[in-house]
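A.B. asks: Quick one: structure below, then a few questions.
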Amino acid sequence: MTTLKFLGKRLVLSVFVLFGLSILIFTISRVLPGDPVRMALGSRAPQWAIDNLREQMHLDKPLYAQYYYWLSGALHGDLGQSLVTRRAVSSDIKEFFPATLELALFAGIITAVFGVVFGAISGRYANTWIDNTLRIFSYIGIVTPSFVFAILFMLLFGYILRVFPTVGRLGAEVAHPPVITGMITIDALLTGNLTAFGNTIYHLILPSVSLALGPMAQEARIARSTISDNLSKDYIAAARGFGVSERLIMFKYLLKPSLIPTVSILGLDFAGIIANAFLVELIFNWPGFSRYGINAMLNKDLNAVSAVVMVLGIVLIIVNIVVDLLVIWLDPRIRLGAERGK
Amino acid sequence: MKNRREISLAFKEDIVKRIIAVVVGVIVLSIGLVALAGGMLRATFSWPTYIDPAVGSDFSSSASLINLYDSLVYPATSGDPLPCAATSWEASDDSLSWTFHLRHDITFHDGTPLTAGDVKYSMDRLTAIGEGYAFLFLGRVANSEVIDDYTIRFGFDKPFGPFLSTLYRLYILNEALVEANIKMPGPYGDKGDYGKEFLLTHDAGSGSYQLKEFRLEEELVMTKNADYWLPIDEGAADEVHFIGTTQSSTVRTMMSRNELEISDQWQTSESLTALGAMEGVEIAEFSPGTEFYMMINTRMPPTDDIHFRKAMAWATDYTTVTDYLFPGSTPSRGPVPQNVPGADPTVLQYKLDLDKAREELALSKYAADEYEVVLHWIADVPDEEKVALMFMSNMAEIGINVKVVKVPWMSVVEEMGQQETSPHIVTVFDSSHYPEAGSLLESRYHSSSAATWEQNEWLLNDWYDAKIEEAINTVDRDERFVIYGELQQFIVDQCPTIFLFDQVEKHAYHADYVDWPVARGEVIPVMGYNIAARLIKVDN
């Protein structure tokens, strides 16, 4: 019941956060220099065409009226027309968001699995050569931007070794599976198209690893730190005193409580991957949401900019709620504390 | 004996192993499929691309449209019109109407015959929407009339000399298909959205290639039209991919793996050097009819003084620009690139001559250091900064102080919208939209283009406006070109612009298995037409 109450409270608060965010981004996007309609139609478009489009987009009205039209449309699922792709922004999001979500999910899985594994190994063998070696790699991962990894991987695995594809989501010779979720891996599995499934995984490896290395290194350091700290706690010493096996101590008594800070950061990293995948998407010509968002900003595509920021806001809110629920599940003290406080 | 837990673990391990085996197997199969690629032409472009003939007008859109659609006439390498969907044409004695006779054997990609009604529909739709290349016909073509199934007549209120050249941009749509896919309601009254949503990701053409798939933000895929009315060389690619990236590391990697046949034109000189060093890759160079201008505001001091402007023009080091900053380009001679039909090769060409610069400055009503000259260069084109800094250094030689400012394109467009906010100088690339000098002479200096990014000069000269309109209204090509010459002499004499260089477009391409006419010097001087896939042989 407490968890449900917590969830309800967070959802209500989220509505206010999104409302504030919508006002902010709507205002900022409209006060930037440049006439978006003139940019979209070109300098040689006749004035009547410019005026027509301006009227269609309600840009001939005061800012508050524009916001009203935009908000009422958004509440009905109509996010307006994109000036760059020339179609409904909601259609763009439907097409581009799953591509980035698929990429971010793969990167997230790599981050979570390898971050925790390397962190656990480092923590278990703290201050040994194993820990020191992993620490060096972690520091390199943390300080290197993902686009640098992307270029290095492309040169190494695409240009020199030629073992991985370098552009797109699917090879030219492989037919796209019908769009169900927009994530090709899932759609391919749902339609039993294993060729498309394998080919997509093959295309996903380089960009997702490029995106994952930074967050993974960070997770590893955090996991290592908490595991190393918890190893010196009394309850671990007591468990050892009772003759509990090291394996059981590690996986049952040590890992779960040590994962709490890691999971918290992982959530933020996941949202960050979606928002910041722009350069990696550009390098691998991945038709994703992050790239779409940056193009929208560069072209002053008003509706697209507002929609992209709102979607990212929603992603961040959902991820935060999920992380909080995970933390509650991982740490009974938080749940019990909340119940005692009610 | 194994307990239940061990059996369960063994079972799980077996499942995991099987899944891994299947995934690895599928990936290997996929790699094999990719390796079997053949008969494919892949080219990179700057995105976005619009394949609606009433919307697209940039480079990638134009290149896509000429593959997907037919036009009434087709440009020769000289820029002259050749028959295409029209077999012949004639103008009326008063030049107020043009009649075109169409081929009878053209069918659209869905098998529907192409008729005069489709041509009329395409013109009506283009001018009603007003986007893309509509500006070429708006205010000029008064009406279009279907005479019979294969004869169409266009009417004009006054003669329109370069009409045939502008028809390279009228792409013929399948009326029935578009009408069947109109979305109601829309901004075009009873025409709803005029099929704009449908044509965003579908083609309704009769061109040598037809759309297979268009993934916005990623790539456009076209396949050869087996029923095309014109024989297509067997060596032409079966499938064409236009890929939306100009990222140099991506382009280089793709080119090295034979996954890219022709690169985009936006590669840096360093990237082109690396690409040219690859085995089998060569650099094709041709002039696209684009010129790099320093547009001078003639309405504010000190650049409102003709002698001050000429002093700057004589003090500019043109050869450093063409030899080092934009290698391969050629110094401009006047406002029209020399490969554009109608360019006058006799107009004065400014060169670096500091004595002449000082002479002009002495005649100016302003002292050299009386004002600071503000130059805005476009932040989106980093190479322009080198030119801006060189110019600042050149002007310092004659005592003129130049302030160089990096400005985003959006802001430049905004500030050029008003005379008061236009800076002294803006650096801009511009090109002709149909292969005639009149295109640039009109769009660069006619009063109607003031307040757009194409004219920072604010020339606003009645004589010039009347003269360019006279030229455009002259049907006889030779007579028209004579007037173009007068206009170019006038512009060079007034010196409202520093004409820096005629751009050379450079593409890396796989010369080892691609036969690209452009590389043999067969260049069509109309944007996009050099990427006509049916003329490019690919042996991969």
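All residue names refer to the structure tokens as shown: chains lettered A, B, ... in order, residues numbered from 1 in each chain, ligands numbered from 1 in order.
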Quick check: residues of chain A within 8 Å of chain B, only C-alpha atoms, returned as a PyMOL selection string.
C.D. replies: chain A and resi 33-35+39+41-46+49+56+84-87+151+154-155+158-159+162+166-168+171-174+194-199+201-202+282-287+292
A.B. asks: Those same residues, written as a compact mmCIF listing (two decimals), in the first residue's frame with C-alpha atoms?
C.D. replies:
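Output saved as selection-v9.txt:
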# COMPACT_ATOMS: atom_id res chain seq x y z
CA PRO A 33 16.72 33.96 -33.39
CA GLY A 34 15.52 32.99 -36.86
CA ASP A 35 12.20 32.64 -38.62
CA MET A 39 13.93 28.56 -42.93
CA LEU A 41 10.28 27.02 -47.00
CA GLY A 42 13.42 28.73 -48.26
CA SER A 43 14.18 32.30 -49.19
CA ARG A 44 12.41 32.08 -52.54
CA ALA A 45 9.06 30.89 -51.26
CA PRO A 46 6.31 33.45 -51.92
CA ALA A 49 3.10 30.43 -48.66
CA GLN A 56 -1.31 26.78 -39.84
CA VAL A 84 12.08 19.43 -41.05
CA THR A 85 10.41 16.09 -41.75
CA ARG A 86 7.16 17.79 -42.84
CA ARG A 87 4.94 15.34 -41.02
CA ILE A 151 35.16 6.67 -33.96
CA MET A 154 34.57 2.30 -36.37
CA LEU A 155 38.21 2.63 -37.40
CA GLY A 158 34.97 -1.25 -39.42
CA TYR A 159 37.95 0.17 -41.26
CA ARG A 162 36.17 -5.02 -41.14
CA THR A 166 29.35 0.74 -39.76
CA VAL A 167 26.03 2.33 -40.67
CA GLY A 168 22.33 1.87 -40.11
CA GLY A 171 21.97 -4.54 -43.74
CA ALA A 172 20.84 -3.43 -47.20
CA GLU A 173 20.04 -6.99 -48.23
CA VAL A 174 17.91 -7.81 -45.23
CA LEU A 194 15.78 -14.55 -37.31
CA THR A 195 17.91 -13.15 -40.14
CA ALA A 196 16.74 -9.61 -39.37
CA PHE A 197 17.17 -10.28 -35.65
CA GLY A 198 20.78 -11.39 -36.03
CA ASN A 199 21.59 -8.64 -38.46
CA ILE A 201 22.22 -7.37 -33.17
CA TYR A 202 25.25 -7.28 -35.45
CA LEU A 282 25.50 10.49 -36.28
CA ILE A 283 28.69 8.45 -36.65
CA PHE A 284 26.84 5.15 -37.18
CA ASN A 285 24.06 6.82 -39.17
CA TRP A 286 21.57 5.49 -36.66
CA PRO A 287 18.18 7.08 -37.33
CA TYR A 292 16.37 13.90 -34.51
A.B. asks: Neighbours of Ser78 in chain B within 8 Å (only C-alpha atoms; same-chain residues fewer than 2 positions away dropped), as a PyMOL selection string?
C.D. replies: chain B and resi 75-76+80+341+524-525
A.B. asks: Find the spatial neighbours of range 70-83 of chain A, counting only C-alpha atoms, within a cut-off of 9 Å - ignore same-chain residues fewer than 3 positions away - and output them as a list in words.
C.D. replies: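 Non-adjacent residues within range: Ser22, Phe26, Pro36, Val37, Met39, Ala40, Leu41, Met57, His58, Ala65, Gln66, Tyr67, Arg86, Arg87, Ala88, Val89, Ser90, Asp92, Ala296, Asn299, Lys300, Asp301, Leu302, Asn303, Ala304, Ser306 and Ala307 of chain A.
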A.B. asks: At a cut-off of 9 Å, using only C-alpha atoms, what residues contact Asn297 in chain B? Leave out same-chain residues fewer than 4 positions from it and give the result as a list in words.
C.D. replies: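 Everything that qualifies: Pro301, Thr303, Asp304, Gln419, Ser422, Pro423, His424, Ile425, Val426, Gln455, Asn456, Glu457, Trp458, Leu459, Pro496 and Thr497 of chain B.
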A.B. asks: May I have the residues within 10 Å of Phe97 in chain A as a PDB file with N, CA and C atoms, in the first residue's frame, using only C-alpha atoms and disregarding those fewer than 6 positions away in the same chain?
C.D. replies:
ATOM      1  N   SER A  91       4.362  11.165 -35.373  1.00  0.00           N
ATOM      2  CA  SER A  91       4.829  10.101 -36.268  1.00  0.00           C
ATOM      3  C   SER A  91       6.350   9.991 -36.203  1.00  0.00           C
ATOM      4  N   LEU A 103      18.710   1.020 -28.840  1.00  0.00           N
ATOM      5  CA  LEU A 103      20.145   1.251 -28.635  1.00  0.00           C
ATOM      6  C   LEU A 103      20.453   1.444 -27.156  1.00  0.00           C
ATOM      7  N   GLY A 182       8.660  -1.027 -33.338  1.00  0.00           N
ATOM      8  CA  GLY A 182       9.653  -0.085 -33.861  1.00  0.00           C
ATOM      9  C   GLY A 182      11.063  -0.511 -33.506  1.00  0.00           C
ATOM     10  N   MET A 183      11.197  -1.415 -32.541  1.00  0.00           N
ATOM     11  CA  MET A 183      12.513  -1.957 -32.208  1.00  0.00           C
ATOM     12  C   MET A 183      12.704  -3.208 -33.067  1.00  0.00           C
ATOM     13  N   ILE A 274      19.944   8.052 -23.705  1.00  0.00           N
ATOM     14  CA  ILE A 274      18.907   8.422 -24.682  1.00  0.00           C
ATOM     15  C   ILE A 274      19.073   9.871 -25.127  1.00  0.00           C
ATOM     16  N   PRO A 287      19.281   6.114 -37.235  1.00  0.00           N
ATOM     17  CA  PRO A 287      18.180   7.078 -37.329  1.00  0.00           C
ATOM     18  C   PRO A 287      17.422   7.206 -36.012  1.00  0.00           C
ATOM     19  N   GLY A 288      18.048   7.790 -35.046  1.00  0.00           N
ATOM     20  CA  GLY A 288      17.491   7.785 -33.696  1.00  0.00           C
ATOM     21  C   GLY A 288      16.897   9.107 -33.248  1.00  0.00           C
ATOM     22  N   PHE A 289      16.376   9.066 -32.076  1.00  0.00           N
ATOM     23  CA  PHE A 289      15.637  10.168 -31.475  1.00  0.00           C
ATOM     24  C   PHE A 289      16.565  11.315 -31.061  1.00  0.00           C
ATOM     25  N   SER A 290      17.723  10.957 -30.568  1.00  0.00           N
ATOM     26  CA  SER A 290      18.662  11.967 -30.109  1.00  0.00           C
ATOM     27  C   SER A 290      19.145  12.806 -31.297  1.00  0.00           C
ATOM     28  N   TYR A 292      17.552  13.156 -34.076  1.00  0.00           N
ATOM     29  CA  TYR A 292      16.373  13.905 -34.513  1.00  0.00           C
ATOM     30  C   TYR A 292      16.231  15.191 -33.691  1.00  0.00           C
ATOM     31  N   VAL A 308      10.558  16.751 -28.257  1.00  0.00           N
ATOM     32  CA  VAL A 308      11.740  15.967 -27.865  1.00  0.00           C
ATOM     33  C   VAL A 308      12.050  16.199 -26.387  1.00  0.00           C
ATOM     34  N   VAL A 311       9.455  14.484 -24.224  1.00  0.00           N
ATOM     35  CA  VAL A 311       9.639  13.024 -24.178  1.00  0.00           C
ATOM     36  C   VAL A 311      10.817  12.668 -23.276  1.00  0.00           C
TER      37      VAL A 311
END
